[in-house]
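One file, structure.tsv, carrying TSV, C-alpha atoms:
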```
chain	number	residue	atom	x	y	z
A	1	MET	CA	-13.23	-30.55	2.07
A	2	LYS	CA	-15.72	-28.45	3.99
A	3	TYR	CA	-17.29	-25.52	2.15
A	4	GLY	CA	-19.73	-22.77	3.07
A	5	ILE	CA	-21.46	-19.88	1.31
A	6	ALA	CA	-21.87	-16.47	2.93
A	7	ILE	CA	-22.53	-12.78	2.45
A	8	PHE	CA	-20.19	-10.29	4.06
A	9	PRO	CA	-22.10	-7.07	4.73
A	10	GLN	CA	-20.46	-3.68	4.20
A	11	LYS	CA	-17.65	-2.62	6.50
A	12	HIS	CA	-19.73	-0.47	8.88
A	13	VAL	CA	-21.98	-3.46	9.64
A	14	GLN	CA	-19.02	-5.80	10.10
A	15	ASP	CA	-17.40	-3.33	12.51
A	16	PHE	CA	-20.64	-3.00	14.48
A	17	ALA	CA	-21.08	-6.77	14.66
A	18	ASN	CA	-17.46	-7.33	15.70
A	19	SER	CA	-17.88	-5.02	18.71
A	20	TYR	CA	-20.23	-7.73	20.10
A	21	ARG	CA	-18.64	-10.81	18.51
A	22	LYS	CA	-15.35	-9.99	20.21
A	23	ARG	CA	-17.00	-10.64	23.56
A	24	TYR	CA	-19.75	-13.13	22.78
A	25	ASP	CA	-18.81	-15.18	19.72
A	26	PRO	CA	-16.02	-17.79	19.91
A	27	HIS	CA	-15.96	-17.76	16.07
A	28	TYR	CA	-14.85	-14.13	16.15
A	29	THR	CA	-11.36	-14.93	14.85
A	30	LEU	CA	-12.39	-17.72	12.46
A	31	ILE	CA	-14.42	-15.70	9.93
A	32	PRO	CA	-15.52	-12.07	9.48
A	33	PRO	CA	-19.13	-11.13	10.34
A	34	HIS	CA	-21.41	-12.77	7.79
A	35	ILE	CA	-24.87	-13.97	6.81
A	36	THR	CA	-24.72	-17.68	6.08
A	37	LEU	CA	-26.46	-18.53	2.80
A	38	LYS	CA	-25.56	-22.20	3.00
A	39	GLU	CA	-24.35	-24.01	6.09
A	40	ALA	CA	-21.00	-25.82	6.04
A	41	PHE	CA	-21.16	-28.90	3.80
A	42	GLU	CA	-18.72	-31.60	2.75
A	43	MET	CA	-17.90	-31.73	-0.93
A	44	ASP	CA	-15.29	-33.63	-2.89
A	45	GLU	CA	-12.89	-31.23	-4.62
A	46	ALA	CA	-13.67	-33.07	-7.85
A	47	ASN	CA	-17.11	-31.42	-7.76
A	48	LEU	CA	-15.77	-27.91	-7.15
A	49	ASP	CA	-15.89	-26.79	-10.79
A	50	LYS	CA	-19.50	-27.92	-11.15
A	51	ALA	CA	-20.44	-26.14	-7.92
A	52	VAL	CA	-18.76	-22.95	-9.17
A	53	ASP	CA	-20.70	-23.18	-12.44
A	54	HIS	CA	-23.92	-23.51	-10.46
A	55	LEU	CA	-23.07	-20.51	-8.26
A	56	GLU	CA	-22.05	-18.40	-11.26
A	57	LYS	CA	-25.43	-19.11	-12.81
A	58	VAL	CA	-27.26	-18.10	-9.62
A	59	ALA	CA	-25.23	-14.88	-9.35
A	60	ARG	CA	-25.64	-14.06	-13.05
A	61	GLU	CA	-29.42	-14.19	-12.64
A	62	SER	CA	-29.55	-12.28	-9.33
A	63	GLN	CA	-29.96	-8.54	-8.91
A	64	PRO	CA	-28.29	-6.46	-6.18
A	65	PHE	CA	-30.60	-5.55	-3.28
A	66	GLU	CA	-30.46	-3.73	0.01
A	67	ILE	CA	-31.21	-5.21	3.41
A	68	CYS	CA	-31.72	-3.63	6.79
A	69	PHE	CA	-30.72	-5.07	10.15
A	70	HIS	CA	-33.41	-3.66	12.40
A	71	LYS	CA	-33.07	-5.46	15.73
A	72	VAL	CA	-31.19	-7.98	17.83
A	73	SER	CA	-32.90	-11.33	18.14
A	74	CYS	CA	-32.11	-14.83	19.39
A	75	PHE	CA	-32.80	-18.49	18.61
A	76	HIS	CA	-33.23	-19.52	22.25
A	77	PRO	CA	-34.40	-22.14	23.23
A	78	THR	CA	-33.42	-23.88	19.93
A	79	ASN	CA	-29.87	-22.75	20.54
A	80	ASN	CA	-28.13	-19.96	22.41
A	81	VAL	CA	-27.37	-17.73	19.44
A	82	ILE	CA	-27.86	-13.95	19.43
A	83	TYR	CA	-28.01	-12.28	16.03
A	84	LEU	CA	-28.80	-9.18	14.03
A	85	ALA	CA	-32.18	-9.80	12.40
A	86	VAL	CA	-33.00	-8.78	8.84
A	87	LYS	CA	-36.17	-6.76	8.26
A	88	ASN	CA	-36.74	-7.52	4.58
A	89	ASP	CA	-35.38	-11.04	4.32
A	90	GLN	CA	-37.20	-12.32	1.23
A	91	PRO	CA	-34.31	-11.64	-1.22
A	92	LEU	CA	-32.00	-13.63	1.07
A	93	ARG	CA	-34.48	-16.51	1.24
A	94	THR	CA	-34.78	-16.55	-2.54
A	95	LEU	CA	-31.01	-16.54	-2.89
A	96	HIS	CA	-30.70	-19.38	-0.41
A	97	GLU	CA	-33.26	-21.47	-2.28
A	98	LYS	CA	-31.51	-20.92	-5.61
A	99	ILE	CA	-28.10	-21.80	-4.15
A	100	ASN	CA	-29.33	-24.84	-2.25
A	101	SER	CA	-30.43	-26.67	-5.38
A	102	GLY	CA	-29.03	-28.96	-8.05
A	103	ILE	CA	-25.52	-30.13	-7.26
A	104	LEU	CA	-25.55	-28.09	-4.04
A	105	TYR	CA	-28.84	-29.36	-2.65
A	106	HIS	CA	-28.79	-30.56	0.94
A	107	PRO	CA	-31.82	-30.97	3.19
A	108	HIS	CA	-32.06	-28.39	6.00
A	109	ARG	CA	-31.34	-29.14	9.62
A	110	TYR	CA	-33.28	-26.01	10.60
A	111	PRO	CA	-35.63	-23.77	8.62
A	112	PHE	CA	-33.48	-21.14	6.89
A	113	THR	CA	-33.61	-17.86	8.85
A	114	PRO	CA	-31.32	-15.15	7.50
A	115	HIS	CA	-29.27	-13.71	10.36
A	116	LEU	CA	-25.88	-12.30	11.32
A	117	THR	CA	-24.60	-14.01	14.45
A	118	ILE	CA	-23.07	-11.75	17.12
A	119	GLY	CA	-23.05	-14.25	20.01
A	120	GLN	CA	-23.09	-18.04	20.37
A	121	ASN	CA	-22.18	-20.95	22.65
A	122	MET	CA	-23.28	-18.78	25.60
A	123	SER	CA	-24.65	-20.15	28.83
A	124	THR	CA	-28.40	-19.60	29.14
A	125	ASP	CA	-27.82	-17.13	31.99
A	126	GLU	CA	-25.35	-15.12	29.95
A	127	LEU	CA	-27.66	-15.22	26.94
A	128	HIS	CA	-30.52	-13.79	28.99
A	129	ASP	CA	-28.28	-11.06	30.38
A	130	VAL	CA	-26.90	-9.99	27.02
A	131	TYR	CA	-30.11	-10.42	25.07
A	132	GLY	CA	-32.04	-8.61	27.79
A	133	SER	CA	-29.85	-5.55	27.37
A	134	LEU	CA	-29.91	-5.63	23.56
A	135	ARG	CA	-33.41	-6.74	22.64
A	136	MET	CA	-35.05	-3.35	23.08
A	137	ARG	CA	-32.42	-1.62	21.02
A	138	SER	CA	-33.66	-0.44	17.65
A	139	LEU	CA	-31.15	-0.75	14.82
A	140	ASN	CA	-31.10	0.77	11.38
A	141	LEU	CA	-28.09	-0.77	9.68
A	142	HIS	CA	-28.35	-0.88	5.91
A	143	THR	CA	-26.10	-2.83	3.60
A	144	GLU	CA	-26.06	-3.45	-0.11
A	145	VAL	CA	-25.88	-7.08	-1.20
A	146	ASP	CA	-24.38	-7.47	-4.66
A	147	ARG	CA	-22.27	-10.64	-4.22
A	148	PHE	CA	-21.75	-13.76	-2.16
A	149	HIS	CA	-18.64	-15.78	-1.38
A	150	LEU	CA	-17.73	-19.47	-1.50
A	151	LEU	CA	-15.40	-20.36	1.38
A	152	TYR	CA	-13.56	-23.45	2.56
A	153	GLN	CA	-12.53	-24.39	6.05
A	154	LEU	CA	-8.90	-24.80	7.10
A	155	GLU	CA	-7.67	-27.37	9.63
A	156	ASN	CA	-7.68	-24.79	12.44
A	157	GLY	CA	-11.40	-24.14	11.91
A	158	SER	CA	-10.97	-20.77	10.19
A	159	TRP	CA	-12.46	-20.00	6.77
A	160	SER	CA	-10.66	-18.92	3.62
A	161	VAL	CA	-12.47	-17.31	0.67
A	162	TYR	CA	-12.25	-19.30	-2.56
A	163	GLN	CA	-14.31	-17.10	-4.85
A	164	SER	CA	-16.69	-14.16	-4.96
A	165	PHE	CA	-19.81	-14.24	-7.14
A	166	LEU	CA	-21.12	-10.90	-8.35
A	167	PHE	CA	-24.79	-10.36	-9.16
A	168	LYS	CA	-25.31	-9.51	-12.80
A	169	GLY	CA	-29.07	-9.76	-13.18
B	1	MET	CA	-10.53	2.64	3.75
B	2	LYS	CA	-7.49	0.39	3.83
B	3	TYR	CA	-7.18	-2.20	1.07
B	4	GLY	CA	-4.71	-4.96	0.24
B	5	ILE	CA	-4.24	-7.52	-2.53
B	6	ALA	CA	-3.19	-11.08	-1.83
B	7	ILE	CA	-3.00	-14.64	-3.07
B	8	PHE	CA	-4.29	-17.42	-0.85
B	9	PRO	CA	-2.41	-20.63	-1.68
B	10	GLN	CA	-4.22	-23.98	-1.76
B	11	LYS	CA	-5.49	-25.44	1.48
B	12	HIS	CA	-2.58	-27.83	2.14
B	13	VAL	CA	-0.15	-24.88	2.05
B	14	GLN	CA	-2.37	-22.74	4.28
B	15	ASP	CA	-2.64	-25.57	6.81
B	16	PHE	CA	1.15	-26.06	6.79
B	17	ALA	CA	1.75	-22.31	7.23
B	18	ASN	CA	-0.81	-22.04	10.03
B	19	SER	CA	0.99	-24.72	12.06
B	20	TYR	CA	3.82	-22.16	12.41
B	21	ARG	CA	1.77	-18.94	12.30
B	22	LYS	CA	-0.23	-20.10	15.31
B	23	ARG	CA	2.92	-19.84	17.42
B	24	TYR	CA	4.98	-17.17	15.68
B	25	ASP	CA	2.68	-14.76	13.84
B	26	PRO	CA	0.47	-12.29	15.76
B	27	HIS	CA	-1.53	-11.82	12.53
B	28	TYR	CA	-2.60	-15.46	12.67
B	29	THR	CA	-6.22	-14.62	13.46
B	30	LEU	CA	-6.44	-11.50	11.27
B	31	ILE	CA	-6.05	-13.09	7.83
B	32	PRO	CA	-5.49	-16.58	6.39
B	33	PRO	CA	-1.98	-17.48	5.14
B	34	HIS	CA	-1.25	-15.44	2.04
B	35	ILE	CA	1.27	-13.99	-0.39
B	36	THR	CA	0.91	-10.21	-0.43
B	37	LEU	CA	0.77	-8.86	-3.98
B	38	LYS	CA	0.23	-5.29	-2.86
B	39	GLU	CA	0.85	-3.96	0.62
B	40	ALA	CA	-2.00	-2.29	2.52
B	41	PHE	CA	-2.89	1.05	0.97
B	42	GLU	CA	-5.41	3.79	1.69
B	43	MET	CA	-8.01	4.38	-1.01
B	44	ASP	CA	-11.17	6.44	-1.10
B	45	GLU	CA	-14.20	4.21	-1.65
B	46	ALA	CA	-15.10	6.49	-4.54
B	47	ASN	CA	-12.17	4.97	-6.45
B	48	LEU	CA	-13.15	1.37	-5.73
B	49	ASP	CA	-14.93	0.76	-9.05
B	50	LYS	CA	-11.97	2.05	-11.03
B	51	ALA	CA	-9.58	-0.10	-9.01
B	52	VAL	CA	-11.78	-3.15	-9.64
B	53	ASP	CA	-11.76	-2.41	-13.39
B	54	HIS	CA	-7.97	-2.24	-13.29
B	55	LEU	CA	-7.70	-5.53	-11.40
B	56	GLU	CA	-10.18	-7.26	-13.72
B	57	LYS	CA	-8.04	-6.22	-16.67
B	58	VAL	CA	-4.88	-7.58	-15.02
B	59	ALA	CA	-6.61	-10.87	-14.19
B	60	ARG	CA	-8.15	-11.17	-17.65
B	61	GLU	CA	-4.69	-10.97	-19.21
B	62	SER	CA	-2.97	-13.31	-16.72
B	63	GLN	CA	-2.53	-17.05	-17.08
B	64	PRO	CA	-2.65	-19.55	-14.19
B	65	PHE	CA	0.76	-20.74	-13.04
B	66	GLU	CA	2.24	-22.99	-10.40
B	67	ILE	CA	4.68	-21.95	-7.70
B	68	CYS	CA	6.78	-23.96	-5.30
B	69	PHE	CA	7.69	-23.02	-1.73
B	70	HIS	CA	11.11	-24.63	-1.40
B	71	LYS	CA	12.57	-23.32	1.85
B	72	VAL	CA	12.11	-21.17	4.93
B	73	SER	CA	13.86	-17.82	4.78
B	74	CYS	CA	13.92	-14.55	6.73
B	75	PHE	CA	14.26	-10.80	6.22
B	76	HIS	CA	16.52	-10.24	9.22
B	77	PRO	CA	18.14	-7.75	9.80
B	78	THR	CA	15.68	-5.61	7.75
B	79	ASN	CA	12.90	-6.96	9.92
B	80	ASN	CA	12.23	-10.06	12.01
B	81	VAL	CA	9.99	-11.87	9.58
B	82	ILE	CA	10.26	-15.60	8.81
B	83	TYR	CA	8.61	-16.79	5.62
B	84	LEU	CA	8.16	-19.56	3.09
B	85	ALA	CA	10.25	-18.59	0.08
B	86	VAL	CA	9.11	-19.10	-3.50
B	87	LYS	CA	11.47	-20.90	-5.88
B	88	ASN	CA	10.11	-19.62	-9.19
B	89	ASP	CA	8.93	-16.14	-8.24
B	90	GLN	CA	8.99	-14.39	-11.63
B	91	PRO	CA	5.23	-14.85	-12.34
B	92	LEU	CA	4.48	-13.26	-8.95
B	93	ARG	CA	6.81	-10.34	-9.67
B	94	THR	CA	5.15	-9.80	-13.03
B	95	LEU	CA	1.72	-9.90	-11.41
B	96	HIS	CA	2.81	-7.43	-8.75
B	97	GLU	CA	4.15	-5.01	-11.37
B	98	LYS	CA	0.93	-5.18	-13.38
B	99	ILE	CA	-1.23	-4.62	-10.30
B	100	ASN	CA	0.91	-1.83	-8.88
B	101	SER	CA	0.34	0.47	-11.86
B	102	GLY	CA	-2.15	3.03	-13.12
B	103	ILE	CA	-4.73	3.94	-10.49
B	104	LEU	CA	-3.13	1.48	-8.05
B	105	TYR	CA	0.45	2.67	-8.39
B	106	HIS	CA	2.28	3.37	-5.15
B	107	PRO	CA	6.04	3.58	-4.69
B	108	HIS	CA	7.60	0.68	-2.78
B	109	ARG	CA	8.84	0.88	0.75
B	110	TYR	CA	10.89	-2.28	0.18
B	111	PRO	CA	11.83	-4.13	-3.01
B	112	PHE	CA	9.00	-6.58	-3.73
B	113	THR	CA	9.98	-10.07	-2.58
B	114	PRO	CA	7.20	-12.66	-2.92
B	115	HIS	CA	6.86	-14.55	0.35
B	116	LEU	CA	4.39	-16.21	2.69
B	117	THR	CA	4.93	-14.98	6.25
B	118	ILE	CA	4.90	-17.64	8.98
B	119	GLY	CA	6.43	-15.56	11.79
B	120	GLN	CA	6.80	-11.86	12.59
B	121	ASN	CA	7.28	-9.34	15.41
B	122	MET	CA	9.65	-11.83	17.05
B	123	SER	CA	12.53	-10.86	19.28
B	124	THR	CA	15.88	-11.31	17.55
B	125	ASP	CA	16.75	-14.15	19.93
B	126	GLU	CA	13.51	-15.96	19.17
B	127	LEU	CA	13.97	-15.37	15.47
B	128	HIS	CA	17.42	-16.94	15.56
B	129	ASP	CA	16.11	-19.93	17.52
B	130	VAL	CA	13.19	-20.58	15.20
B	131	TYR	CA	14.97	-19.78	11.97
B	132	GLY	CA	17.94	-21.85	13.05
B	133	SER	CA	15.73	-24.91	13.41
B	134	LEU	CA	13.85	-24.31	10.14
B	135	ARG	CA	16.44	-22.94	7.71
B	136	MET	CA	17.94	-26.31	6.81
B	137	ARG	CA	14.55	-27.86	6.17
B	138	SER	CA	13.87	-28.52	2.50
B	139	LEU	CA	10.27	-27.92	1.41
B	140	ASN	CA	8.42	-28.98	-1.68
B	141	LEU	CA	5.00	-27.31	-1.38
B	142	HIS	CA	3.33	-26.70	-4.70
B	143	THR	CA	0.29	-24.55	-5.24
B	144	GLU	CA	-1.60	-23.44	-8.30
B	145	VAL	CA	-2.18	-19.69	-8.64
B	146	ASP	CA	-5.22	-18.87	-10.76
B	147	ARG	CA	-6.69	-15.89	-8.89
B	148	PHE	CA	-5.97	-13.10	-6.44
B	149	HIS	CA	-8.18	-11.31	-3.93
B	150	LEU	CA	-8.89	-7.69	-3.07
B	151	LEU	CA	-9.40	-7.28	0.69
B	152	TYR	CA	-10.26	-4.44	3.04
B	153	GLN	CA	-9.33	-4.03	6.67
B	154	LEU	CA	-11.90	-3.89	9.47
B	155	GLU	CA	-11.57	-1.74	12.58
B	156	ASN	CA	-10.23	-4.67	14.61
B	157	GLY	CA	-7.33	-5.11	12.17
B	158	SER	CA	-8.71	-8.24	10.48
B	159	TRP	CA	-9.19	-8.47	6.72
B	160	SER	CA	-12.38	-9.19	4.80
B	161	VAL	CA	-12.39	-10.30	1.15
B	162	TYR	CA	-14.14	-7.90	-1.21
B	163	GLN	CA	-13.63	-9.69	-4.50
B	164	SER	CA	-11.73	-12.50	-6.19
B	165	PHE	CA	-10.17	-12.01	-9.64
B	166	LEU	CA	-9.76	-15.12	-11.79
B	167	PHE	CA	-7.05	-15.40	-14.43
B	168	LYS	CA	-8.47	-15.72	-17.89
B	169	GLY	CA	-5.41	-15.29	-20.11
```
Let me see the structure of the file written as structure tokens.
Amino acid sequence: MKYGIAIFPQKHVQDFANSYRKRYDPHYTLIPPHITLKEAFEMDEANLDKAVDHLEKVARESQPFEICFHKVSCFHPTNNVIYLAVKNDQPLRTLHEKINSGILYHPHRYPFTPHLTIGQNMSTDELHDVYGSLRMRSLNLHTEVDRFHLLYQLENGSWSVYQSFLFKG
Amino acid sequence: MKYGIAIFPQKHVQDFANSYRKRYDPHYTLIPPHITLKEAFEMDEANLDKAVDHLEKVARESQPFEICFHKVSCFHPTNNVIYLAVKNDQPLRTLHEKINSGILYHPHRYPFTPHLTIGQNMSTDELHDVYGSLRMRSLNLHTEVDRFHLLYQLENGSWSVYQSFLFKG
């Protein structure tokens, strides 16, 4: 089964992100706006309980924090993704490192860069158009982070939430 | 903010339901396949913590159980909904009663009938066609129920999971 771990920001951020995702992100209907903490990974269901124990431990030791999305950025030329960038991303990096360890350790394909995707799979021309009009825009979108979610992928590519993990540190 | 409470059955049931929802349910992309435990309701965010306390108490006192979807049924003529019916629905009714109490009490619009919608908003002709071809089909889809989820609705009508509540009884 394919699993993933993500943070869903507060509703006002999700609504803002969806106003762009609707046009520019083919994953718009597959999952709500999110920050990926751990990319999709294959795991045997037999290991699910151990993975949940690991995630509960991480959450138990984590404290809630606030992040701010301050600008639109993009990964071009690595890939044609446009995203909301996080100003103070250290707490997300720490969380990612803690999660991606032990039974859930997988080597990275890319360096971990916390982000909230609002556009992907765009042609390079379209990317330049959209990014050109958004890159100068200054954002000030705050959200509290006090939990993350473990999800699994359905056959149609959409994601279903298995469990939420609340920070108790 | 608009909230709802639902159970997401195990993946094999969600995949089965989606094979029909894709064609017959306009809510297909708004939420994964689910059993509604409490219909969408408006709640001030100021009451969220109290609602979570209430739901944690319900979950703490509930024991995991198994249900079986045994046939396709429909609510016609009340409304043109086709759904997977639950054979042994008493544990779901009990759960619904416990949830729909105290701070989360709202009177019912319809009698609570546990179901997993696979088609809705159909014309009566289409409903008769589809239901006619499915009603004689015998199902035997089992799923374990050991948690429910509190969700909130985004501006685009889709639902985002706020928290999962695990049974600990």
Counting all atoms listed in the file, which of A:Ile103, A:Met122, A:Leu127, A:Leu134 gets nearest to Pro26 in chain A?
->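 Residue with the minimum atom-to-atom distance to Pro26 in chain A: A:Met122.
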Contact set, chain B to chain A: 12 Å, only C-alpha atoms, as a ChimeraX atom specification | /B:1-3,6-22,27-34,45,145-166
Based on the selection just made, write C-alpha atoms of those residues as a compact mmCIF listing (two decimals), keeping the file's coordinate frame.
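Output below, filename again.txt:
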```
# COMPACT_ATOMS: atom_id res chain seq x y z
CA MET B 1 -10.53 2.64 3.75
CA LYS B 2 -7.49 0.39 3.83
CA TYR B 3 -7.18 -2.20 1.07
CA ALA B 6 -3.19 -11.08 -1.83
CA ILE B 7 -3.00 -14.64 -3.07
CA PHE B 8 -4.29 -17.42 -0.85
CA PRO B 9 -2.41 -20.63 -1.68
CA GLN B 10 -4.22 -23.98 -1.76
CA LYS B 11 -5.49 -25.44 1.48
CA HIS B 12 -2.58 -27.83 2.14
CA VAL B 13 -0.15 -24.88 2.05
CA GLN B 14 -2.37 -22.74 4.28
CA ASP B 15 -2.64 -25.57 6.81
CA PHE B 16 1.15 -26.06 6.79
CA ALA B 17 1.75 -22.31 7.23
CA ASN B 18 -0.81 -22.04 10.03
CA SER B 19 0.99 -24.72 12.06
CA TYR B 20 3.82 -22.16 12.41
CA ARG B 21 1.77 -18.94 12.30
CA LYS B 22 -0.23 -20.10 15.31
CA HIS B 27 -1.53 -11.82 12.53
CA TYR B 28 -2.60 -15.46 12.67
CA THR B 29 -6.22 -14.62 13.46
CA LEU B 30 -6.44 -11.50 11.27
CA ILE B 31 -6.05 -13.09 7.83
CA PRO B 32 -5.49 -16.58 6.39
CA PRO B 33 -1.98 -17.48 5.14
CA HIS B 34 -1.25 -15.44 2.04
CA GLU B 45 -14.20 4.21 -1.65
CA VAL B 145 -2.18 -19.69 -8.64
CA ASP B 146 -5.22 -18.87 -10.76
CA ARG B 147 -6.69 -15.89 -8.89
CA PHE B 148 -5.97 -13.10 -6.44
CA HIS B 149 -8.18 -11.31 -3.93
CA LEU B 150 -8.89 -7.69 -3.07
CA LEU B 151 -9.40 -7.28 0.69
CA TYR B 152 -10.26 -4.44 3.04
CA GLN B 153 -9.33 -4.03 6.67
CA LEU B 154 -11.90 -3.89 9.47
CA GLU B 155 -11.57 -1.74 12.58
CA ASN B 156 -10.23 -4.67 14.61
CA GLY B 157 -7.33 -5.11 12.17
CA SER B 158 -8.71 -8.24 10.48
CA TRP B 159 -9.19 -8.47 6.72
CA SER B 160 -12.38 -9.19 4.80
CA VAL B 161 -12.39 -10.30 1.15
CA TYR B 162 -14.14 -7.90 -1.21
CA GLN B 163 -13.63 -9.69 -4.50
CA SER B 164 -11.73 -12.50 -6.19
CA PHE B 165 -10.17 -12.01 -9.64
CA LEU B 166 -9.76 -15.12 -11.79
```
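Take CA of Glu66 in chain B and CA of His54 in chain B: the distance between them is 23.3 Å.
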Between CA of Gln120 in chain B and CA of Asn79 in chain B - distance in Å to one decimal = 8.3 Å
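In this comparison, which uses all atoms listed in the file, the residue of A:Tyr110, A:Tyr131, A:Tyr105, A:Phe167 approaching Cys74 in chain A most closely is A:Tyr131.
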Emit a file covering range 139-146 of chain B of the preceding structure with all heavy atoms, as a CSV table (one decimal), in the first residue's frame.
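Full text of out-v2.csv as output:
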```csv
chain,number,residue,atom,x,y,z
B,139,LEU,N,-23.5,-8.7,-2.0
B,139,LEU,CA,-22.1,-8.2,-1.7
B,139,LEU,C,-21.7,-8.9,-0.4
B,139,LEU,O,-22.5,-9.4,0.4
B,139,LEU,CB,-22.1,-6.7,-1.4
B,139,LEU,CG,-22.6,-5.8,-2.6
B,139,LEU,CD1,-22.6,-4.4,-2.1
B,139,LEU,CD2,-21.7,-6.0,-3.8
B,140,ASN,N,-20.4,-8.9,-0.2
B,140,ASN,CA,-19.9,-9.4,1.1
B,140,ASN,C,-18.6,-8.7,1.4
B,140,ASN,O,-17.5,-9.3,1.5
B,140,ASN,CB,-19.6,-10.9,0.9
B,140,ASN,CG,-19.3,-11.6,2.2
B,140,ASN,OD1,-19.7,-11.1,3.3
B,140,ASN,ND2,-18.6,-12.7,2.2
B,141,LEU,N,-18.7,-7.4,1.6
B,141,LEU,CA,-17.6,-6.5,1.8
B,141,LEU,C,-17.5,-6.2,3.3
B,141,LEU,O,-18.3,-5.4,3.9
B,141,LEU,CB,-17.8,-5.2,1.1
B,141,LEU,CG,-17.7,-5.2,-0.4
B,141,LEU,CD1,-18.2,-3.9,-1.0
B,141,LEU,CD2,-16.2,-5.4,-0.8
B,142,HIS,N,-16.5,-6.7,3.9
B,142,HIS,CA,-16.2,-6.5,5.4
B,142,HIS,C,-15.3,-5.4,5.6
B,142,HIS,O,-14.3,-5.2,4.8
B,142,HIS,CB,-15.7,-7.8,6.0
B,142,HIS,CG,-16.7,-8.9,6.1
B,142,HIS,ND1,-17.4,-9.2,7.2
B,142,HIS,CD2,-17.2,-9.7,5.1
B,142,HIS,CE1,-18.3,-10.1,7.0
B,142,HIS,NE2,-18.1,-10.5,5.7
B,143,THR,N,-15.5,-4.6,6.7
B,143,THR,CA,-14.5,-3.6,7.0
B,143,THR,C,-14.5,-3.5,8.5
B,143,THR,O,-15.5,-3.6,9.2
B,143,THR,CB,-14.7,-2.2,6.4
B,143,THR,OG1,-13.6,-1.4,6.5
B,143,THR,CG2,-15.9,-1.5,7.0
B,144,GLU,N,-13.3,-3.3,9.1
B,144,GLU,CA,-13.2,-3.0,10.5
B,144,GLU,C,-13.4,-1.5,10.8
B,144,GLU,O,-13.0,-0.7,10.0
B,144,GLU,CB,-11.8,-3.4,11.0
B,144,GLU,CG,-11.8,-3.8,12.5
B,144,GLU,CD,-10.4,-3.7,13.1
B,144,GLU,OE1,-9.4,-3.6,12.4
B,144,GLU,OE2,-10.3,-3.6,14.4
B,145,VAL,N,-14.1,-1.2,11.8
B,145,VAL,CA,-14.3,0.2,12.2
B,145,VAL,C,-13.7,0.4,13.6
B,145,VAL,O,-14.1,-0.2,14.6
B,145,VAL,CB,-15.8,0.5,12.3
B,145,VAL,CG1,-16.0,2.0,12.7
B,145,VAL,CG2,-16.5,0.3,10.9
B,146,ASP,N,-12.6,1.1,13.6
B,146,ASP,CA,-11.9,1.4,14.9
B,146,ASP,C,-11.6,2.8,15.1
B,146,ASP,O,-10.8,3.2,16.0
B,146,ASP,CB,-10.6,0.5,15.0
B,146,ASP,CG,-9.6,0.9,13.9
B,146,ASP,OD1,-9.9,1.8,13.1
B,146,ASP,OD2,-8.5,0.4,14.0
```
